[in-house]
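Source file data-v5.tsv; content: TSV, C-alpha atoms.
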```tsv
chain	number	residue	atom	x	y	z
A	1	MET	CA	-8.93	-46.90	40.17
A	2	ALA	CA	-6.53	-47.43	37.27
A	3	LYS	CA	-8.57	-45.06	35.12
A	4	SER	CA	-8.44	-42.36	37.81
A	5	MET	CA	-4.68	-42.78	38.15
A	6	SER	CA	-4.23	-42.48	34.38
A	7	LEU	CA	-6.21	-39.23	34.32
A	8	ARG	CA	-4.05	-37.78	37.11
A	9	ILE	CA	-0.85	-38.74	35.30
A	10	LEU	CA	-2.17	-37.16	32.07
A	11	LEU	CA	-3.05	-33.94	33.92
A	12	VAL	CA	0.44	-33.75	35.43
A	13	LEU	CA	2.01	-34.24	31.99
A	14	ILE	CA	-0.11	-31.45	30.50
A	15	ILE	CA	0.89	-29.06	33.30
A	16	LEU	CA	4.58	-29.91	32.81
A	17	ILE	CA	4.36	-29.36	29.06
A	18	LEU	CA	2.68	-25.96	29.53
A	19	PHE	CA	5.26	-24.93	32.13
A	20	PHE	CA	8.29	-25.81	30.05
A	21	SER	CA	6.77	-24.34	26.88
A	22	SER	CA	6.22	-20.99	28.59
A	23	SER	CA	9.66	-21.02	30.17
A	24	LEU	CA	11.30	-21.72	26.83
A	25	ALA	CA	9.37	-19.00	24.97
A	26	ILE	CA	11.70	-16.44	23.40
A	27	PRO	CA	11.06	-12.99	24.89
A	28	VAL	CA	10.48	-9.97	22.69
A	29	VAL	CA	13.21	-7.34	23.06
A	30	THR	CA	12.09	-3.70	22.76
A	31	TYR	CA	14.34	-0.86	21.61
A	32	ASN	CA	13.02	2.58	22.48
A	33	VAL	CA	14.38	5.30	20.20
A	34	ILE	CA	14.24	7.82	23.08
A	35	SER	CA	16.58	5.71	25.19
A	36	LEU	CA	18.95	5.60	22.22
A	37	GLY	CA	19.09	9.38	21.90
A	38	ALA	CA	16.08	10.44	19.82
A	39	LYS	CA	14.45	13.78	20.62
A	40	SER	CA	10.69	14.16	20.33
A	41	ASP	CA	10.69	17.94	19.85
A	42	GLY	CA	10.36	17.85	16.03
A	43	ARG	CA	13.49	19.99	15.63
A	44	SER	CA	16.42	17.86	16.74
A	45	ASP	CA	17.79	15.33	14.27
A	46	SER	CA	16.87	11.83	15.48
A	47	THR	CA	18.45	9.96	12.58
A	48	LYS	CA	21.28	8.32	14.57
A	49	ALA	CA	18.91	7.04	17.24
A	50	PHE	CA	16.60	5.45	14.66
A	51	LEU	CA	19.56	3.79	12.94
A	52	ALA	CA	20.84	2.53	16.29
A	53	SER	CA	17.45	1.00	17.11
A	54	TRP	CA	17.41	-0.87	13.80
A	55	THR	CA	20.99	-2.08	14.21
A	56	LYS	CA	20.10	-3.60	17.59
A	57	ALA	CA	16.79	-5.08	16.42
A	58	CYS	CA	18.27	-6.50	13.24
A	59	GLY	CA	21.27	-7.92	15.08
A	60	SER	CA	19.20	-9.62	17.77
A	61	THR	CA	18.39	-13.32	17.57
A	62	ALA	CA	15.20	-12.67	19.54
A	63	ALA	CA	11.97	-11.21	18.23
A	64	SER	CA	12.37	-7.44	18.39
A	65	THR	CA	10.27	-4.30	18.58
A	66	ILE	CA	11.39	-0.80	17.66
A	67	TYR	CA	9.26	1.61	19.65
A	68	VAL	CA	8.74	5.28	18.81
A	69	PRO	CA	6.90	7.01	21.71
A	70	PRO	CA	4.49	9.94	21.24
A	71	GLY	CA	6.18	13.11	19.99
A	72	ARG	CA	7.58	14.53	16.76
A	73	TYR	CA	10.82	13.19	15.29
A	74	LEU	CA	12.87	14.93	12.60
A	75	LEU	CA	14.73	12.47	10.37
A	76	HIS	CA	17.36	12.70	7.63
A	77	ASN	CA	18.41	9.86	5.29
A	78	VAL	CA	17.62	6.81	7.41
A	79	VAL	CA	18.20	3.47	5.68
A	80	PHE	CA	17.71	0.19	7.55
A	81	GLN	CA	19.98	-2.52	6.16
A	82	GLY	CA	19.47	-6.33	6.25
A	83	GLN	CA	20.08	-9.22	6.37
A	84	CYS	CA	18.78	-9.56	9.89
A	85	ARG	CA	19.42	-12.33	12.39
A	86	ASN	CA	15.72	-12.75	13.10
A	87	ASN	CA	12.56	-12.68	11.00
A	88	ASP	CA	10.23	-11.04	13.50
A	89	ILE	CA	10.64	-7.27	13.78
A	90	THR	CA	7.79	-4.97	14.73
A	91	THR	CA	8.00	-1.21	14.33
A	92	ARG	CA	5.47	0.48	16.60
A	93	ILE	CA	5.20	4.19	16.00
A	94	ASP	CA	3.07	6.22	18.38
A	95	GLY	CA	4.84	9.40	17.36
A	96	THR	CA	4.93	11.51	14.21
A	97	LEU	CA	7.82	11.38	11.73
A	98	VAL	CA	8.53	14.81	10.29
A	99	ALA	CA	10.44	15.54	7.10
A	100	PRO	CA	12.55	18.64	6.60
A	101	SER	CA	10.39	21.18	4.80
A	102	ASP	CA	13.12	22.04	2.28
A	103	TYR	CA	13.80	18.57	0.87
A	104	ARG	CA	11.94	16.25	-1.48
A	105	ALA	CA	11.95	13.38	0.95
A	106	GLY	CA	10.08	10.24	1.81
A	107	LEU	CA	9.28	9.37	5.41
A	108	TRP	CA	9.15	5.64	5.11
A	109	ALA	CA	10.84	3.21	2.75
A	110	CYS	CA	11.11	-0.53	2.54
A	111	LYS	CA	13.54	-1.32	-0.26
A	112	ARG	CA	15.76	-4.04	-1.51
A	113	SER	CA	19.50	-3.79	-1.12
A	114	GLY	CA	21.08	-2.17	-4.15
A	115	ASN	CA	17.82	-0.82	-5.56
A	116	ASN	CA	18.51	2.50	-7.24
A	117	ASN	CA	14.87	3.34	-7.92
A	118	CYS	CA	13.71	4.10	-4.39
A	119	PRO	CA	12.67	7.63	-3.48
A	120	SER	CA	15.70	9.68	-2.50
A	121	GLY	CA	15.83	12.55	-0.10
A	122	ALA	CA	16.47	13.61	3.42
A	123	THR	CA	14.07	11.38	5.31
A	124	THR	CA	13.99	7.74	4.24
A	125	LEU	CA	13.61	4.79	6.59
A	126	GLY	CA	14.75	1.82	4.55
A	127	PHE	CA	14.24	-1.91	5.07
A	128	SER	CA	16.67	-3.85	2.85
A	129	ASN	CA	15.90	-7.53	2.16
A	130	SER	CA	13.20	-7.44	4.81
A	131	ASN	CA	10.60	-10.11	5.54
A	132	ASN	CA	7.99	-10.58	8.25
A	133	ILE	CA	7.70	-6.91	9.16
A	134	LEU	CA	4.89	-5.26	11.12
A	135	ILE	CA	4.52	-1.47	10.88
A	136	ASN	CA	2.00	-0.20	13.40
A	137	GLY	CA	0.69	3.33	13.90
A	138	LEU	CA	2.89	5.48	11.66
A	139	THR	CA	1.96	9.14	11.29
A	140	SER	CA	3.79	11.00	8.52
A	141	GLN	CA	3.80	14.72	7.81
A	142	ASN	CA	5.44	17.22	5.46
A	143	SER	CA	7.08	14.68	3.15
A	144	GLN	CA	7.62	15.93	-0.39
A	145	MET	CA	8.15	12.43	-1.77
A	146	PHE	CA	6.70	9.00	-0.99
A	147	HIS	CA	5.73	8.53	2.63
A	148	VAL	CA	5.63	4.74	2.87
A	149	VAL	CA	7.40	2.51	0.35
A	150	ILE	CA	7.36	-1.29	0.50
A	151	ASP	CA	9.84	-2.50	-2.07
A	152	GLY	CA	11.22	-6.01	-2.46
A	153	CYS	CA	9.64	-7.33	0.74
A	154	HIS	CA	7.63	-10.36	1.81
A	155	ASN	CA	5.00	-10.75	4.51
A	156	VAL	CA	4.53	-7.13	5.55
A	157	LYS	CA	1.62	-5.72	7.54
A	158	VAL	CA	1.01	-1.97	7.67
A	159	GLN	CA	-1.77	-0.80	9.96
A	160	GLY	CA	-3.02	2.43	11.45
A	161	VAL	CA	-1.01	4.69	9.13
A	162	ARG	CA	-1.88	8.40	8.99
A	163	VAL	CA	-0.44	10.47	6.14
A	164	SER	CA	-0.85	14.22	5.74
A	165	ALA	CA	0.50	16.22	2.81
A	166	SER	CA	-0.73	19.16	0.77
A	167	GLY	CA	-3.24	18.31	-1.93
A	168	ASN	CA	-1.12	20.18	-4.49
A	169	SER	CA	2.18	18.44	-3.69
A	170	PRO	CA	3.18	16.12	-6.58
A	171	ASN	CA	4.81	12.70	-6.09
A	172	THR	CA	3.80	12.46	-2.45
A	173	ASP	CA	2.27	8.98	-2.64
A	174	GLY	CA	0.96	7.85	0.72
A	175	ILE	CA	1.89	4.17	0.49
A	176	HIS	CA	3.70	2.62	-2.47
A	177	VAL	CA	4.14	-1.15	-2.95
A	178	GLN	CA	6.27	-2.84	-5.58
A	179	LEU	CA	8.26	-6.05	-6.11
A	180	SER	CA	6.67	-7.42	-2.95
A	181	SER	CA	4.38	-10.26	-1.92
A	182	ASP	CA	1.89	-10.93	0.86
A	183	VAL	CA	1.44	-7.31	1.90
A	184	THR	CA	-1.53	-6.15	3.99
A	185	ILE	CA	-2.56	-2.51	4.47
A	186	LEU	CA	-5.27	-1.87	7.07
A	187	ASN	CA	-7.02	1.10	8.66
A	188	ALA	CA	-5.19	3.94	6.91
A	189	ARG	CA	-6.16	7.61	6.64
A	190	ILE	CA	-4.32	9.29	3.78
A	191	GLY	CA	-4.43	12.83	2.45
A	192	THR	CA	-1.79	13.72	-0.11
A	193	GLY	CA	-1.01	15.34	-3.45
A	194	ASP	CA	-0.65	12.08	-5.37
A	195	ASP	CA	-1.87	8.49	-5.07
A	196	CYS	CA	-3.11	7.56	-1.63
A	197	VAL	CA	-1.92	4.03	-2.38
A	198	SER	CA	0.05	3.12	-5.50
A	199	VAL	CA	0.87	-0.41	-6.64
A	200	GLY	CA	3.93	-0.93	-8.80
A	201	PRO	CA	5.29	-3.81	-10.89
A	202	GLY	CA	6.03	-7.13	-9.24
A	203	THR	CA	3.31	-6.93	-6.60
A	204	THR	CA	1.56	-10.21	-5.71
A	205	ASN	CA	-1.08	-10.97	-3.11
A	206	LEU	CA	-1.84	-7.47	-1.83
A	207	TRP	CA	-4.75	-6.82	0.55
A	208	ILE	CA	-5.96	-3.25	1.17
A	209	GLU	CA	-8.86	-2.69	3.58
A	210	ASN	CA	-10.49	0.22	5.37
A	211	VAL	CA	-8.68	3.13	3.76
A	212	ALA	CA	-9.95	6.71	3.68
A	213	CYS	CA	-8.42	8.71	0.82
A	214	GLY	CA	-8.61	12.44	0.26
A	215	PRO	CA	-7.26	14.68	-0.98
A	216	GLY	CA	-5.21	12.70	-3.48
A	217	HIS	CA	-5.23	10.78	-6.75
A	218	GLY	CA	-7.02	7.71	-5.42
A	219	ILE	CA	-5.83	4.11	-5.19
A	220	SER	CA	-3.85	3.26	-8.32
A	221	ILE	CA	-2.39	0.12	-9.80
A	222	GLY	CA	0.48	1.56	-11.77
A	223	SER	CA	1.84	3.23	-13.50
A	224	LEU	CA	2.77	0.02	-15.31
A	225	GLY	CA	4.56	-0.62	-18.58
A	226	LYS	CA	7.25	2.00	-18.29
A	227	GLU	CA	9.86	-0.66	-18.98
A	228	LEU	CA	9.88	-3.19	-21.81
A	229	HIS	CA	10.64	-6.11	-19.49
A	230	GLU	CA	8.55	-5.67	-16.39
A	231	ALA	CA	7.02	-7.92	-13.73
A	232	GLY	CA	3.24	-7.98	-13.49
A	233	VAL	CA	0.70	-7.26	-10.75
A	234	GLN	CA	-1.69	-9.97	-9.61
A	235	ILE	CA	-4.05	-11.03	-6.82
A	236	VAL	CA	-4.97	-7.61	-5.43
A	237	THR	CA	-7.97	-6.93	-3.18
A	238	VAL	CA	-9.12	-3.41	-2.34
A	239	LYS	CA	-12.17	-3.27	-0.08
A	240	ILE	CA	-14.04	-0.91	2.24
A	241	VAL	CA	-12.50	2.30	0.90
A	242	ARG	CA	-13.76	5.88	0.89
A	243	PHE	CA	-12.71	8.64	-1.50
A	244	THR	CA	-13.45	12.29	-0.77
A	245	GLY	CA	-12.68	15.02	-3.28
A	246	THR	CA	-10.02	12.97	-5.04
A	247	GLU	CA	-8.89	13.16	-8.66
A	248	ASN	CA	-9.46	9.42	-9.10
A	249	GLY	CA	-11.09	6.63	-7.19
A	250	LEU	CA	-10.13	3.12	-8.33
A	251	ARG	CA	-7.54	3.41	-11.09
A	252	ILE	CA	-5.34	1.17	-13.23
A	253	LYS	CA	-2.81	3.04	-15.37
A	254	SER	CA	-0.17	2.01	-17.88
A	255	TRP	CA	2.08	3.78	-20.34
A	256	GLY	CA	1.33	3.56	-24.06
A	257	ARG	CA	4.40	1.58	-25.04
A	258	PRO	CA	5.46	-2.08	-25.49
A	259	SER	CA	5.87	-4.03	-22.27
A	260	THR	CA	5.71	-7.57	-20.87
A	261	GLY	CA	3.77	-6.31	-17.84
A	262	PHE	CA	0.26	-7.30	-16.80
A	263	ALA	CA	-2.43	-6.70	-14.19
A	264	ARG	CA	-4.84	-9.52	-13.39
A	265	ASN	CA	-7.05	-11.04	-10.71
A	266	ILE	CA	-8.01	-7.74	-9.10
A	267	LEU	CA	-11.05	-7.09	-6.89
A	268	PHE	CA	-12.34	-3.62	-6.01
A	269	GLN	CA	-15.13	-4.03	-3.46
A	270	HIS	CA	-17.30	-1.82	-1.23
A	271	ALA	CA	-16.13	1.65	-2.30
A	272	LEU	CA	-17.82	4.97	-1.59
A	273	MET	CA	-17.18	8.02	-3.78
A	274	LYS	CA	-17.81	11.61	-2.67
A	275	ASN	CA	-17.18	14.24	-5.36
A	276	VAL	CA	-14.54	12.18	-7.19
A	277	ASP	CA	-13.43	13.25	-10.68
A	278	ASN	CA	-12.89	9.74	-12.06
A	279	PRO	CA	-14.44	7.13	-9.76
A	280	ILE	CA	-13.58	4.11	-11.94
A	281	VAL	CA	-10.85	4.39	-14.56
A	282	ILE	CA	-8.49	2.23	-16.60
A	283	ASP	CA	-6.05	4.44	-18.49
A	284	GLN	CA	-3.66	2.64	-20.84
A	285	ASN	CA	-2.44	5.88	-22.37
A	286	TYR	CA	-1.03	7.27	-19.14
A	287	CYS	CA	1.22	10.26	-19.69
A	288	PRO	CA	1.49	12.86	-16.92
A	289	ASP	CA	1.07	16.42	-18.15
A	290	ASN	CA	0.91	15.04	-21.74
A	291	LYS	CA	4.63	15.61	-22.20
A	292	ASN	CA	6.90	13.27	-24.19
A	293	CYS	CA	4.11	10.70	-24.48
A	294	PRO	CA	5.13	7.40	-26.13
A	295	GLY	CA	1.99	7.39	-28.30
A	296	LYS	CA	2.09	3.63	-28.84
A	297	SER	CA	-0.18	0.75	-27.88
A	298	SER	CA	0.32	-0.40	-24.32
A	299	GLY	CA	1.72	-3.90	-24.01
A	300	VAL	CA	0.33	-4.31	-20.50
A	301	LYS	CA	-2.37	-6.99	-20.46
A	302	ILE	CA	-5.23	-6.17	-18.08
A	303	SER	CA	-7.66	-8.99	-17.27
A	304	ASP	CA	-10.06	-10.32	-14.65
A	305	VAL	CA	-10.86	-7.08	-12.85
A	306	THR	CA	-14.05	-6.91	-10.77
A	307	TYR	CA	-15.79	-3.78	-9.46
A	308	GLN	CA	-18.33	-4.80	-6.83
A	309	ASP	CA	-20.60	-2.57	-4.74
A	310	ILE	CA	-19.25	0.80	-5.89
A	311	HIS	CA	-21.47	3.75	-4.99
A	312	GLY	CA	-21.42	7.51	-4.73
A	313	ALA	CA	-21.08	10.78	-6.59
A	314	SER	CA	-18.83	11.68	-9.50
A	315	ALA	CA	-17.57	15.24	-9.97
A	316	THR	CA	-17.62	14.73	-13.75
A	317	LYS	CA	-20.23	13.38	-16.17
A	318	ILE	CA	-18.16	10.32	-17.14
A	319	ALA	CA	-17.85	8.28	-13.96
A	320	VAL	CA	-16.65	5.02	-15.55
A	321	LYS	CA	-13.87	5.17	-18.14
A	322	PHE	CA	-12.11	2.17	-19.66
A	323	ASP	CA	-9.47	3.38	-22.16
A	324	CYS	CA	-7.67	0.13	-22.96
A	325	SER	CA	-4.94	-0.95	-25.33
A	326	PRO	CA	-5.99	-1.58	-28.95
A	327	LYS	CA	-3.32	-4.27	-29.22
A	328	TYR	CA	-4.23	-6.02	-25.96
A	329	PRO	CA	-7.83	-5.07	-25.06
A	330	CYS	CA	-8.91	-5.31	-21.44
A	331	SER	CA	-10.73	-8.60	-20.83
A	332	GLY	CA	-12.81	-10.04	-18.04
A	333	ILE	CA	-13.88	-6.63	-16.69
A	334	ASN	CA	-16.85	-7.21	-14.40
A	335	LEU	CA	-19.25	-4.60	-13.01
A	336	GLU	CA	-21.48	-5.78	-10.17
A	337	ASP	CA	-23.88	-3.51	-8.26
A	338	VAL	CA	-22.43	-0.16	-9.30
A	339	LYS	CA	-24.35	3.09	-8.79
A	340	LEU	CA	-22.63	6.37	-9.60
A	341	ILE	CA	-24.40	9.68	-10.08
A	342	TYR	CA	-23.41	13.11	-11.39
A	343	LYS	CA	-25.33	16.17	-10.14
A	344	ASN	CA	-28.07	13.89	-8.83
A	345	GLN	CA	-28.50	12.33	-12.27
A	346	PRO	CA	-27.17	9.04	-13.68
A	347	ALA	CA	-23.53	9.41	-14.72
A	348	GLU	CA	-22.12	8.17	-18.04
A	349	ALA	CA	-19.60	5.51	-19.06
A	350	SER	CA	-16.96	5.45	-21.80
A	351	CYS	CA	-15.27	2.33	-23.18
A	352	ARG	CA	-12.49	1.70	-25.70
A	353	ASN	CA	-11.17	-1.81	-26.31
A	354	ALA	CA	-12.77	-3.23	-23.16
A	355	ASP	CA	-14.57	-6.57	-22.87
A	356	GLY	CA	-16.51	-7.83	-19.89
A	357	SER	CA	-19.88	-8.17	-18.24
A	358	ALA	CA	-22.33	-6.42	-15.93
A	359	SER	CA	-24.66	-7.89	-13.30
A	360	GLY	CA	-27.07	-6.58	-10.70
A	361	PHE	CA	-27.95	-2.89	-10.79
A	362	VAL	CA	-25.31	-1.04	-12.83
A	363	GLN	CA	-25.42	2.74	-13.31
A	364	PRO	CA	-24.15	4.19	-15.56
A	365	ASN	CA	-25.18	1.61	-18.12
A	366	SER	CA	-22.32	-0.67	-19.02
A	367	CYS	CA	-20.48	0.02	-22.27
A	368	LEU	CA	-18.37	-3.16	-22.06
A	369	LYS	CA	-18.34	-5.54	-25.01
A	370	LEU	CA	-19.87	-8.86	-24.00
```
Could I get this file's structure written as structure tokens?
Amino acid sequence: MAKSMSLRILLVLIILILFFSSSLAIPVVTYNVISLGAKSDGRSDSTKAFLASWTKACGSTAASTIYVPPGRYLLHNVVFQGQCRNNDITTRIDGTLVAPSDYRAGLWACKRSGNNNCPSGATTLGFSNSNNILINGLTSQNSQMFHVVIDGCHNVKVQGVRVSASGNSPNTDGIHVQLSSDVTILNARIGTGDDCVSVGPGTTNLWIENVACGPGHGISIGSLGKELHEAGVQIVTVKIVRFTGTENGLRIKSWGRPSTGFARNILFQHALMKNVDNPIVIDQNYCPDNKNCPGKSSGVKISDVTYQDIHGASATKIAVKFDCSPKYPCSGINLEDVKLIYKNQPAEASCRNADGSASGFVQPNSCLKL
């Protein structure tokens, strides 16, 4: 009898706890850009409405969602400023953000307050001092600068992004990450005239998964080493990626000049190449257009980089190229189960100042120093 009574009392307590927990839960407040004046016709300037939505979301003490319904939204110079009163803001974009065709503009930016190095132009959505941000479903078109920039942020998740830019449009990186930590990029489809994803100095704990790239310059860590005193890049995972007709596949690039920068603990896994010029490349003599090149040894130290399960077709004979610094050779480069062909024949590899190992089936034959 006493045992039965105790069970009933326990059940009542559980029900009361669940009731009060649900009643005390903080509701999520949603700010619809349409209700704040945005026009989805792709011609009317929706800048003020987007700024108003951020002001309300950032100023709220409750978890907030900025919602962009289906449609096309023309934006000019949008910068979202922190610090916010809450650390839980979701930006759900079911519409398409359109840049003015006559400006070199980015469509999405996440930057630190006071940072003078962010892409400038007519269409920039900026997060300043932003943490715990979810960006869901962004579609970006016509930008002539970076589309998505995550700069100086922590705990950011970007998913379902679609980027479309001309294959011959320079500096139109799809997603750029720098000076940020704990960033996740999932399920992206990117076609652009520059890097599909670029990773800049100061990036730590970056996860990239299920990205289709093409046209574009591939997924690049760098360029690094442009500055003498520069933060490094570490703990990066890139997996389940597909490259179609791109200039590069998996790339690490640094300038040939002194620097305190580094790139280490990097995993490239499960990548498929289709007609890619440079499927696997480390270039420590990076110099676009070969103009005003420093011509010195790169100070960027590259180590512990693994290429695992990389398959497909190269558009050039040399499918694997490691051109590393003579002063600080690449170390700990690991090739595991790599098969790259050129015109239905085994491709070739080229190595300079690169140490590492190969395991499993590796084609082209490894040229790494053991």
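Across the structure, CA of Thr260 in chain A and CA of Asn334 in chain A are spaced 23.5 Å apart.
Considering all atoms listed in the file, the residue among A:Ile34, A:Val281, A:Ala354, A:Ile333 positioned nearest to Ile266 in chain A is A:Ile333.
Going from CA of Lys253 in chain A to CA of Gly360 in chain A covers 26.5 Å.
Of the residues under consideration (A:Asp88, A:Leu97, A:Gly59, A:Gly137), A:Leu97 shows the shortest atom-to-atom contact distance to Arg43 in chain A when counting only C-alpha atoms.
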### Query
Which residue, A:Phe262, A:Phe146, A:Phe243, A:Tyr67, has the smallest gap to Gly312 in chain A when you use only C-alpha atoms?
A:Phe243
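Between Leu206 in chain A and the residues A:Ala188, A:Cys287, A:Asn155, A:Ser298, the shortest atom-to-atom distance, using all atoms listed in the file, involves A:Asn155.
Minimum atom-to-atom distance to His311 in chain A, evaluated using only C-alpha atoms, belongs to A:Asn275 out of A:Asn275, A:Ser181, A:Thr91, A:Thr55.
Taking CA of Val28 in chain A and CA of Ile150 in chain A as the two end points, the separation is 24.0 Å.
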### Message
When you count all atoms listed in the file, which of these residues is closest to Ser40 in chain A: A:Leu250, A:Ala347, A:Ala263, A:Leu74?
### Response
A:Leu74
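For Thr139 in chain A, the set of protein, DNA and RNA residues having any atom at most 9 Å away, when counting only C-alpha atoms and skipping those fewer than 5 positions along the same chain, is Ile93, Asp94, Gly95, Thr96, Leu97, Val98, Gly160, Val161, Arg162, Val163 and Ser164 of chain A.
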#### Entry: Near-Asp277 in chain A list (8 Å; only C-alpha atoms; drop same-chain fewer than 2 positions) as a VMD selection string
chain A and resid 245 to 249 275 279 314 to 316 319
### Task
Please provide the set of residues having any atom within 8 Å of range 169-177 of chain A, restricted to all atoms listed in the file, with same-chain residues fewer than 6 positions apart removed, written as a PyMOL selection string.
chain A and resi 106+143-151+163+190-200+203
Which residues are close to Asn210 in chain A, i.e. within 8 Å by all atoms listed in the file, leaving aside same-chain residues fewer than 4 positions away? Reply as an mmCIF file with C-alpha atoms, keeping the file's coordinate frame.
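Contents of the output file result_34.cif:
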```cif
data_model
loop_
_atom_site.group_PDB
_atom_site.id
_atom_site.type_symbol
_atom_site.label_atom_id
_atom_site.label_comp_id
_atom_site.auth_asym_id
_atom_site.auth_seq_id
_atom_site.Cartn_x
_atom_site.Cartn_y
_atom_site.Cartn_z
ATOM 1 C CA LEU A 186 -5.270 -1.870 7.070
ATOM 2 C CA ASN A 187 -7.020 1.100 8.660
ATOM 3 C CA ALA A 188 -5.190 3.940 6.910
ATOM 4 C CA LYS A 239 -12.170 -3.270 -0.080
ATOM 5 C CA ILE A 240 -14.040 -0.910 2.240
ATOM 6 C CA VAL A 241 -12.500 2.300 0.900
ATOM 7 C CA ARG A 242 -13.760 5.880 0.890
#
```
### 12 Å contact set for Val320 in chain A, all atoms listed in the file, chain neighbours under 6 positions out, as JSON, numbers by chain
{"A": [248, 249, 250, 251, 276, 277, 278, 279, 280, 281, 282, 283, 307, 310, 311, 313, 314, 335, 338, 339, 340, 341, 342, 346, 347, 348, 349, 350, 351, 352, 354, 362, 363, 364, 365, 366, 367, 368]}
Those same residues, written as a CSV table (one decimal), in the coordinates of the input with C-alpha atoms?
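Ended up saving to again_24.csv:
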```csv
chain,number,residue,atom,x,y,z
A,248,ASN,CA,-9.5,9.4,-9.1
A,249,GLY,CA,-11.1,6.6,-7.2
A,250,LEU,CA,-10.1,3.1,-8.3
A,251,ARG,CA,-7.5,3.4,-11.1
A,276,VAL,CA,-14.5,12.2,-7.2
A,277,ASP,CA,-13.4,13.2,-10.7
A,278,ASN,CA,-12.9,9.7,-12.1
A,279,PRO,CA,-14.4,7.1,-9.8
A,280,ILE,CA,-13.6,4.1,-11.9
A,281,VAL,CA,-10.8,4.4,-14.6
A,282,ILE,CA,-8.5,2.2,-16.6
A,283,ASP,CA,-6.0,4.4,-18.5
A,307,TYR,CA,-15.8,-3.8,-9.5
A,310,ILE,CA,-19.2,0.8,-5.9
A,311,HIS,CA,-21.5,3.8,-5.0
A,313,ALA,CA,-21.1,10.8,-6.6
A,314,SER,CA,-18.8,11.7,-9.5
A,335,LEU,CA,-19.2,-4.6,-13.0
A,338,VAL,CA,-22.4,-0.2,-9.3
A,339,LYS,CA,-24.4,3.1,-8.8
A,340,LEU,CA,-22.6,6.4,-9.6
A,341,ILE,CA,-24.4,9.7,-10.1
A,342,TYR,CA,-23.4,13.1,-11.4
A,346,PRO,CA,-27.2,9.0,-13.7
A,347,ALA,CA,-23.5,9.4,-14.7
A,348,GLU,CA,-22.1,8.2,-18.0
A,349,ALA,CA,-19.6,5.5,-19.1
A,350,SER,CA,-17.0,5.4,-21.8
A,351,CYS,CA,-15.3,2.3,-23.2
A,352,ARG,CA,-12.5,1.7,-25.7
A,354,ALA,CA,-12.8,-3.2,-23.2
A,362,VAL,CA,-25.3,-1.0,-12.8
A,363,GLN,CA,-25.4,2.7,-13.3
A,364,PRO,CA,-24.2,4.2,-15.6
A,365,ASN,CA,-25.2,1.6,-18.1
A,366,SER,CA,-22.3,-0.7,-19.0
A,367,CYS,CA,-20.5,0.0,-22.3
A,368,LEU,CA,-18.4,-3.2,-22.1
```
